[in-house]
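The structure file target28.pdb is reproduced below (PDB, C-alpha atoms, pLDDT in the B column).
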MODEL        1
ATOM      1  CA  MET R   1     -21.601  -2.278   3.720  1.00 45.00           C
ATOM      2  CA  SER R   2     -18.271  -0.420   3.666  1.00 49.00           C
ATOM      3  CA  LEU R   3     -14.702  -1.511   3.017  1.00 47.00           C
ATOM      4  CA  SER R   4     -13.985  -1.026   6.701  1.00 53.00           C
ATOM      5  CA  ASN R   5     -15.830  -4.312   7.202  1.00 59.00           C
ATOM      6  CA  SER R   6     -12.837  -6.681   7.248  1.00 60.00           C
ATOM      7  CA  GLY R   7     -14.839  -9.655   5.954  1.00 71.00           C
ATOM      8  CA  PHE R   8     -15.833  -7.736   2.828  1.00 76.00           C
ATOM      9  CA  ALA R   9     -12.293  -6.483   2.243  1.00 73.00           C
ATOM     10  CA  GLU R  10     -10.794  -9.956   2.741  1.00 74.00           C
ATOM     11  CA  LYS R  11     -13.299 -11.460   0.300  1.00 75.00           C
ATOM     12  CA  SER R  12     -12.630  -8.718  -2.256  1.00 75.00           C
ATOM     13  CA  PHE R  13      -8.886  -9.285  -2.055  1.00 71.00           C
ATOM     14  CA  LYS R  14      -9.371 -13.066  -2.230  1.00 72.00           C
ATOM     15  CA  ASP R  15     -11.593 -12.727  -5.312  1.00 73.00           C
ATOM     16  CA  LEU R  16      -8.978 -10.523  -6.955  1.00 69.00           C
ATOM     17  CA  SER R  17      -6.207 -12.862  -5.864  1.00 64.00           C
ATOM     18  CA  ASP R  18      -7.878 -15.907  -7.419  1.00 73.00           C
ATOM     19  CA  SER R  19      -7.989 -14.241 -10.825  1.00 76.00           C
ATOM     20  CA  ILE R  20      -4.350 -13.139 -11.174  1.00 79.00           C
ATOM     21  CA  SER R  21      -1.022 -14.811 -11.960  1.00 85.00           C
ATOM     22  CA  GLU R  22       1.577 -15.857  -9.398  1.00 86.00           C
ATOM     23  CA  SER R  23       3.989 -13.138 -10.553  1.00 88.00           C
ATOM     24  CA  ASP R  24       1.271 -10.511 -10.058  1.00 86.00           C
ATOM     25  CA  LYS R  25       0.493 -11.948  -6.612  1.00 84.00           C
ATOM     26  CA  LEU R  26       4.170 -11.619  -5.733  1.00 88.00           C
ATOM     27  CA  MET R  27       4.179  -7.980  -6.860  1.00 89.00           C
ATOM     28  CA  ILE R  28       1.052  -7.276  -4.797  1.00 87.00           C
ATOM     29  CA  GLU R  29       2.622  -8.852  -1.690  1.00 89.00           C
ATOM     30  CA  THR R  30       5.782  -6.815  -2.338  1.00 92.00           C
ATOM     31  CA  ARG R  31       3.780  -3.604  -2.521  1.00 92.00           C
ATOM     32  CA  LEU R  32       1.804  -4.446   0.612  1.00 91.00           C
ATOM     33  CA  LEU R  33       5.043  -5.073   2.493  1.00 91.00           C
ATOM     34  CA  MET R  34       6.431  -1.786   1.195  1.00 94.00           C
ATOM     35  CA  TYR R  35       3.278   0.061   2.245  1.00 93.00           C
ATOM     36  CA  ARG R  36       3.618  -1.374   5.754  1.00 91.00           C
ATOM     37  CA  PHE R  37       7.019   0.312   5.997  1.00 94.00           C
ATOM     38  CA  LEU R  38       5.797   3.510   4.351  1.00 95.00           C
ATOM     39  CA  SER R  39       2.791   3.651   6.664  1.00 94.00           C
ATOM     40  CA  GLU R  40       5.061   3.611   9.708  1.00 94.00           C
ATOM     41  CA  ILE R  41       7.420   6.145   8.120  1.00 96.00           C
ATOM     42  CA  ASP R  42       4.433   8.372   7.320  1.00 95.00           C
ATOM     43  CA  LYS R  43       3.297   8.279  10.963  1.00 95.00           C
ATOM     44  CA  ILE R  44       6.722   9.395  12.161  1.00 96.00           C
ATOM     45  CA  THR R  45       7.111  12.149   9.578  1.00 96.00           C
ATOM     46  CA  SER R  46       3.586  13.420  10.277  1.00 95.00           C
ATOM     47  CA  GLU R  47       4.277  13.542  14.019  1.00 96.00           C
ATOM     48  CA  ARG R  48       7.475  15.482  13.366  1.00 96.00           C
ATOM     49  CA  GLY R  49       5.993  17.797  10.753  1.00 97.00           C
ATOM     50  CA  ILE R  50       8.263  16.495   7.996  1.00 97.00           C
ATOM     51  CA  ASN R  51       6.758  16.593   4.517  1.00 96.00           C
ATOM     52  CA  ARG R  52       7.847  14.359   1.633  1.00 95.00           C
ATOM     53  CA  LYS R  53      10.052  17.032   0.088  1.00 96.00           C
ATOM     54  CA  GLU R  54      11.908  17.403   3.386  1.00 97.00           C
ATOM     55  CA  LEU R  55      12.167  13.599   3.705  1.00 97.00           C
ATOM     56  CA  ALA R  56      13.751  13.531   0.250  1.00 97.00           C
ATOM     57  CA  LYS R  57      16.371  16.083   1.331  1.00 97.00           C
ATOM     58  CA  LEU R  58      17.087  14.154   4.533  1.00 97.00           C
ATOM     59  CA  THR R  59      17.583  10.930   2.560  1.00 97.00           C
ATOM     60  CA  ARG R  60      19.572  12.552  -0.258  1.00 97.00           C
ATOM     61  CA  THR R  61      17.088  11.602  -2.942  1.00 97.00           C
ATOM     62  CA  SER R  62      14.553  13.459  -5.062  1.00 97.00           C
ATOM     63  CA  ALA R  63      11.077  14.444  -3.967  1.00 96.00           C
ATOM     64  CA  SER R  64       9.869  12.781  -7.154  1.00 97.00           C
ATOM     65  CA  TYR R  65      11.327   9.432  -6.047  1.00 97.00           C
ATOM     66  CA  ILE R  66       9.648   9.680  -2.629  1.00 96.00           C
ATOM     67  CA  THR R  67       6.339  10.467  -4.353  1.00 95.00           C
ATOM     68  CA  GLN R  68       6.785   7.496  -6.691  1.00 95.00           C
ATOM     69  CA  LEU R  69       7.348   5.223  -3.690  1.00 95.00           C
ATOM     70  CA  TYR R  70       4.147   6.385  -2.010  1.00 93.00           C
ATOM     71  CA  GLN R  71       2.217   6.038  -5.282  1.00 92.00           C
ATOM     72  CA  GLY R  72       3.503   2.500  -5.816  1.00 91.00           C
ATOM     73  CA  LYS R  73       5.325   3.357  -9.037  1.00 93.00           C
ATOM     74  CA  LYS R  74       8.668   2.359  -7.507  1.00 94.00           C
ATOM     75  CA  ILE R  75       9.512  -0.347  -4.980  1.00 95.00           C
ATOM     76  CA  ILE R  76      11.537   0.717  -1.954  1.00 95.00           C
ATOM     77  CA  ASN R  77      14.888  -1.021  -1.501  1.00 95.00           C
ATOM     78  CA  LEU R  78      16.934  -1.796   1.591  1.00 95.00           C
ATOM     79  CA  GLN R  79      19.372   1.034   0.926  1.00 96.00           C
ATOM     80  CA  MET R  80      16.527   3.569   0.950  1.00 97.00           C
ATOM     81  CA  LEU R  81      15.108   2.051   4.139  1.00 96.00           C
ATOM     82  CA  THR R  82      18.565   2.472   5.692  1.00 96.00           C
ATOM     83  CA  ARG R  83      18.713   6.112   4.574  1.00 97.00           C
ATOM     84  CA  ILE R  84      15.273   6.754   6.066  1.00 97.00           C
ATOM     85  CA  LYS R  85      16.243   4.962   9.280  1.00 96.00           C
ATOM     86  CA  LYS R  86      19.310   7.176   9.649  1.00 97.00           C
ATOM     87  CA  ALA R  87      17.556  10.388   8.600  1.00 97.00           C
ATOM     88  CA  LEU R  88      14.722   9.908  11.115  1.00 97.00           C
ATOM     89  CA  ASP R  89      16.952   8.350  13.792  1.00 96.00           C
ATOM     90  CA  VAL R  90      14.701   5.309  14.108  1.00 95.00           C
ATOM     91  CA  ASP R  91      15.099   1.563  13.832  1.00 93.00           C
ATOM     92  CA  PHE R  92      12.821  -1.075  12.353  1.00 89.00           C
ATOM     93  CA  LYS R  93      11.686  -3.978  14.490  1.00 88.00           C
ATOM     94  CA  ILE R  94      11.537  -7.129  12.403  1.00 85.00           C
ATOM     95  CA  GLU R  95       9.389 -10.029  13.501  1.00 85.00           C
ATOM     96  CA  ILE R  96       8.542 -13.174  11.583  1.00 86.00           C
ATOM     97  CA  VAL R  97       5.100 -14.569  12.327  1.00 81.00           C
ATOM     98  CA  SER R  98       3.757 -17.759  10.773  1.00 80.00           C
ATOM     99  CA  ALA R  99       0.571 -17.390   8.738  1.00 73.00           C
ATOM    100  CA  GLU R 100      -1.315 -19.535  11.263  1.00 70.00           C
ATOM    101  CA  ARG R 101      -0.452 -17.181  14.138  1.00 66.00           C
ATOM    102  CA  LYS R 102      -1.702 -14.002  12.495  1.00 61.00           C
ATOM    103  CA  THR R 103      -4.572 -12.266  14.210  1.00 55.00           C
ATOM    104  CA  LYS R 104      -6.919  -9.495  13.106  1.00 48.00           C
ATOM    105  CA  SER R 105      -5.031  -7.078  15.343  1.00 49.00           C
ATOM    106  CA  ASP R 106      -1.836  -7.818  13.418  1.00 60.00           C
ATOM    107  CA  VAL R 107      -0.098  -4.770  11.941  1.00 62.00           C
ATOM    108  CA  ALA R 108      -0.376  -6.301   8.474  1.00 60.00           C
ATOM    109  CA  GLU R 109      -4.158  -6.516   8.758  1.00 63.00           C
ATOM    110  CA  ARG R 110      -4.405  -2.875   9.801  1.00 62.00           C
ATOM    111  CA  SER R 111      -2.131  -1.879   6.927  1.00 64.00           C
ATOM    112  CA  VAL R 112      -4.199  -3.810   4.404  1.00 62.00           C
ATOM    113  CA  MET R 113      -7.380  -2.177   5.695  1.00 60.00           C
ATOM    114  CA  LYS R 114      -5.765   1.269   5.479  1.00 63.00           C
ATOM    115  CA  ILE R 115      -4.705   0.578   1.900  1.00 65.00           C
ATOM    116  CA  ALA R 116      -8.163  -0.786   1.062  1.00 58.00           C
ATOM    117  CA  ARG R 117      -9.790   2.436   2.282  1.00 57.00           C
ATOM    118  CA  ALA R 118      -7.225   4.557   0.432  1.00 60.00           C
ATOM    119  CA  VAL R 119      -7.831   2.826  -2.902  1.00 58.00           C
ATOM    120  CA  GLN R 120     -11.529   2.072  -2.471  1.00 53.00           C
ATOM    121  CA  LYS R 121     -12.485   3.406  -5.889  1.00 47.00           C
ATOM    122  CA  ASN R 122      -9.741   1.507  -7.710  1.00 56.00           C
ATOM    123  CA  VAL R 123     -10.446  -1.797  -5.935  1.00 46.00           C
ATOM    124  CA  ALA R 124     -14.161  -1.499  -6.575  1.00 50.00           C
ATOM    125  CA  HIS R 125     -13.511  -0.668 -10.227  1.00 49.00           C
ATOM    126  CA  MET R 126     -11.166  -3.626 -10.637  1.00 51.00           C
ATOM    127  CA  ALA R 127     -13.469  -6.048  -8.827  1.00 49.00           C
ATOM    128  CA  VAL R 128     -16.512  -5.009 -10.842  1.00 50.00           C
ATOM    129  CA  HIS R 129     -14.889  -4.458 -14.206  1.00 48.00           C
ATOM    130  CA  GLY R 130     -12.122  -7.067 -14.157  1.00 49.00           C
ATOM    131  CA  ALA R 131      -9.361  -4.554 -14.800  1.00 46.00           C
ATOM    132  CA  ASN R 132      -6.026  -5.742 -16.130  1.00 46.00           C
ATOM    133  CA  LEU R 133      -3.926  -5.954 -12.957  1.00 44.00           C
ATOM    134  CA  PRO R 134      -0.245  -6.553 -13.811  1.00 45.00           C
ATOM    135  CA  GLY R 135       1.657  -4.388 -11.334  1.00 45.00           C
ATOM    136  CA  LYS R 136      -1.222  -1.957 -10.939  1.00 42.00           C
ATOM    137  CA  LEU R 137      -3.350  -3.187  -8.025  1.00 42.00           C
ATOM    138  CA  ILE R 138      -2.334  -0.424  -5.659  1.00 44.00           C
ATOM    139  CA  GLN R 139      -2.313   2.364  -8.197  1.00 43.00           C
ATOM    140  CA  SER R 140      -4.621   2.509 -11.167  1.00 40.00           C
ATOM    141  CA  LYS R 141      -5.160   5.561 -13.346  1.00 44.00           C
ATOM    142  CA  SER R 142      -8.522   6.240 -14.875  1.00 43.00           C
ATOM    143  CA  SER R 143      -9.674   9.031 -17.093  1.00 43.00           C
ATOM    144  CA  LYS R 144     -12.825  11.019 -16.470  1.00 46.00           C
ATOM    145  CA  SER R 145     -14.537   9.205 -19.324  1.00 45.00           C
ATOM    146  CA  GLU R 146     -13.941   5.840 -17.592  1.00 47.00           C
ATOM    147  CA  ARG R 147     -15.314   6.904 -14.220  1.00 50.00           C
ATOM    148  CA  ARG R 148     -18.698   5.610 -13.222  1.00 51.00           C
ATOM    149  CA  PRO R 149     -20.954   6.857 -10.460  1.00 54.00           C
ATOM    150  CA  GLN R 150     -20.281   5.078  -7.186  1.00 55.00           C
ATOM    151  CA  LYS R 151     -23.094   3.060  -5.712  1.00 55.00           C
ATOM    152  CA  THR R 152     -23.556   2.948  -1.976  1.00 56.00           C
ATOM    153  CA  LEU R 153     -23.230  -0.608  -0.724  1.00 54.00           C
TER     154      LEU R 153
ENDMDL
END
How would this structure read if it were set down as structure tokens?
Amino acid sequence: MSLSNSGFAEKSFKDLSDSISESDKLMIETRLLMYRFLSEIDKITSERGINRKELAKLTRTSASYITQLYQGKKIINLQMLTRIKKALDVDFKIEIVSAERKTKSDVAERSVMKIARAVQKNVAHMAVHGANLPGKLIQSKSSKSERRPQKTL
């Protein structure tokens, strides 16, 4: 079974969610929301051949800051979203959908699945080993000595 199976991914996230504090859950939701924006921004910049260093120049910020956003070390703010919007000459469509009306084809679901695939090793490590999660669900560093062989599910 792979993480692309949405039932497995949902259960993994639910299991992780049940074991963490409310403040950590809020940080995770914040990062997921940020990654939804960054995912759309990444699509546009990829289509236009704009790398992260060029995006930094267009938004009058450092390449390091852009990298930190994509790595989850920093949380994007509304001012930066406005700079990106202006630099790429795009607009963001905002839609509020109640939790009951969400469907599996929802953009949020696709974003969560994309993130789950991107951090497969970290999620598996945290789920199996009960890693300390405060603020580190999306990005977790591990040294070579901590790595364990991956098992095929």
Can you turn the PyMOL selection byres ((chain R and resi 88-93) around 12) into a concrete residue list for this file, as a PDB file with C-alpha atoms, in the frame of the given file?
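Below is the file that was written, part.pdb:
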ATOM      1  CA  ARG R  36       3.618  -1.374   5.754  1.00 91.00           C
ATOM      2  CA  PHE R  37       7.019   0.312   5.997  1.00 94.00           C
ATOM      3  CA  LEU R  38       5.797   3.510   4.351  1.00 95.00           C
ATOM      4  CA  GLU R  40       5.061   3.611   9.708  1.00 94.00           C
ATOM      5  CA  ILE R  41       7.420   6.145   8.120  1.00 96.00           C
ATOM      6  CA  ASP R  42       4.433   8.372   7.320  1.00 95.00           C
ATOM      7  CA  LYS R  43       3.297   8.279  10.963  1.00 95.00           C
ATOM      8  CA  ILE R  44       6.722   9.395  12.161  1.00 96.00           C
ATOM      9  CA  THR R  45       7.111  12.149   9.578  1.00 96.00           C
ATOM     10  CA  SER R  46       3.586  13.420  10.277  1.00 95.00           C
ATOM     11  CA  GLU R  47       4.277  13.542  14.019  1.00 96.00           C
ATOM     12  CA  ARG R  48       7.475  15.482  13.366  1.00 96.00           C
ATOM     13  CA  GLY R  49       5.993  17.797  10.753  1.00 97.00           C
ATOM     14  CA  ILE R  50       8.263  16.495   7.996  1.00 97.00           C
ATOM     15  CA  GLU R  54      11.908  17.403   3.386  1.00 97.00           C
ATOM     16  CA  LEU R  55      12.167  13.599   3.705  1.00 97.00           C
ATOM     17  CA  ALA R  56      13.751  13.531   0.250  1.00 97.00           C
ATOM     18  CA  LYS R  57      16.371  16.083   1.331  1.00 97.00           C
ATOM     19  CA  LEU R  58      17.087  14.154   4.533  1.00 97.00           C
ATOM     20  CA  THR R  59      17.583  10.930   2.560  1.00 97.00           C
ATOM     21  CA  LEU R  78      16.934  -1.796   1.591  1.00 95.00           C
ATOM     22  CA  LEU R  81      15.108   2.051   4.139  1.00 96.00           C
ATOM     23  CA  THR R  82      18.565   2.472   5.692  1.00 96.00           C
ATOM     24  CA  ARG R  83      18.713   6.112   4.574  1.00 97.00           C
ATOM     25  CA  ILE R  84      15.273   6.754   6.066  1.00 97.00           C
ATOM     26  CA  LYS R  85      16.243   4.962   9.280  1.00 96.00           C
ATOM     27  CA  LYS R  86      19.310   7.176   9.649  1.00 97.00           C
ATOM     28  CA  ALA R  87      17.556  10.388   8.600  1.00 97.00           C
ATOM     29  CA  ILE R  94      11.537  -7.129  12.403  1.00 85.00           C
ATOM     30  CA  GLU R  95       9.389 -10.029  13.501  1.00 85.00           C
ATOM     31  CA  ILE R  96       8.542 -13.174  11.583  1.00 86.00           C
TER      32      ILE R  96
END
*Kindly give the distance, in Å, that separates CA of Glu22 in chain R and CA of Lys73 in chain R, rounded to a single decimal.*
19.6 Å
*asked:* I'd like the residues picked by the PyMOL selection byres ((chain R and resi 30) around 12) written out as a list in words, using the chain letters and numbers from the file.
replied: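 Applying the PyMOL selection byres ((chain R and resi 30) around 12) to the structure shown produces Ser23, Asp24, Lys25, Leu26, Met27, Ile28, Glu29, Arg31, Leu32, Leu33, Met34, Tyr35, Arg36, Phe37, Gly72, Lys74, Ile75, Ile76, Asn77, Gly135, Leu137 and Ile138 of chain R.
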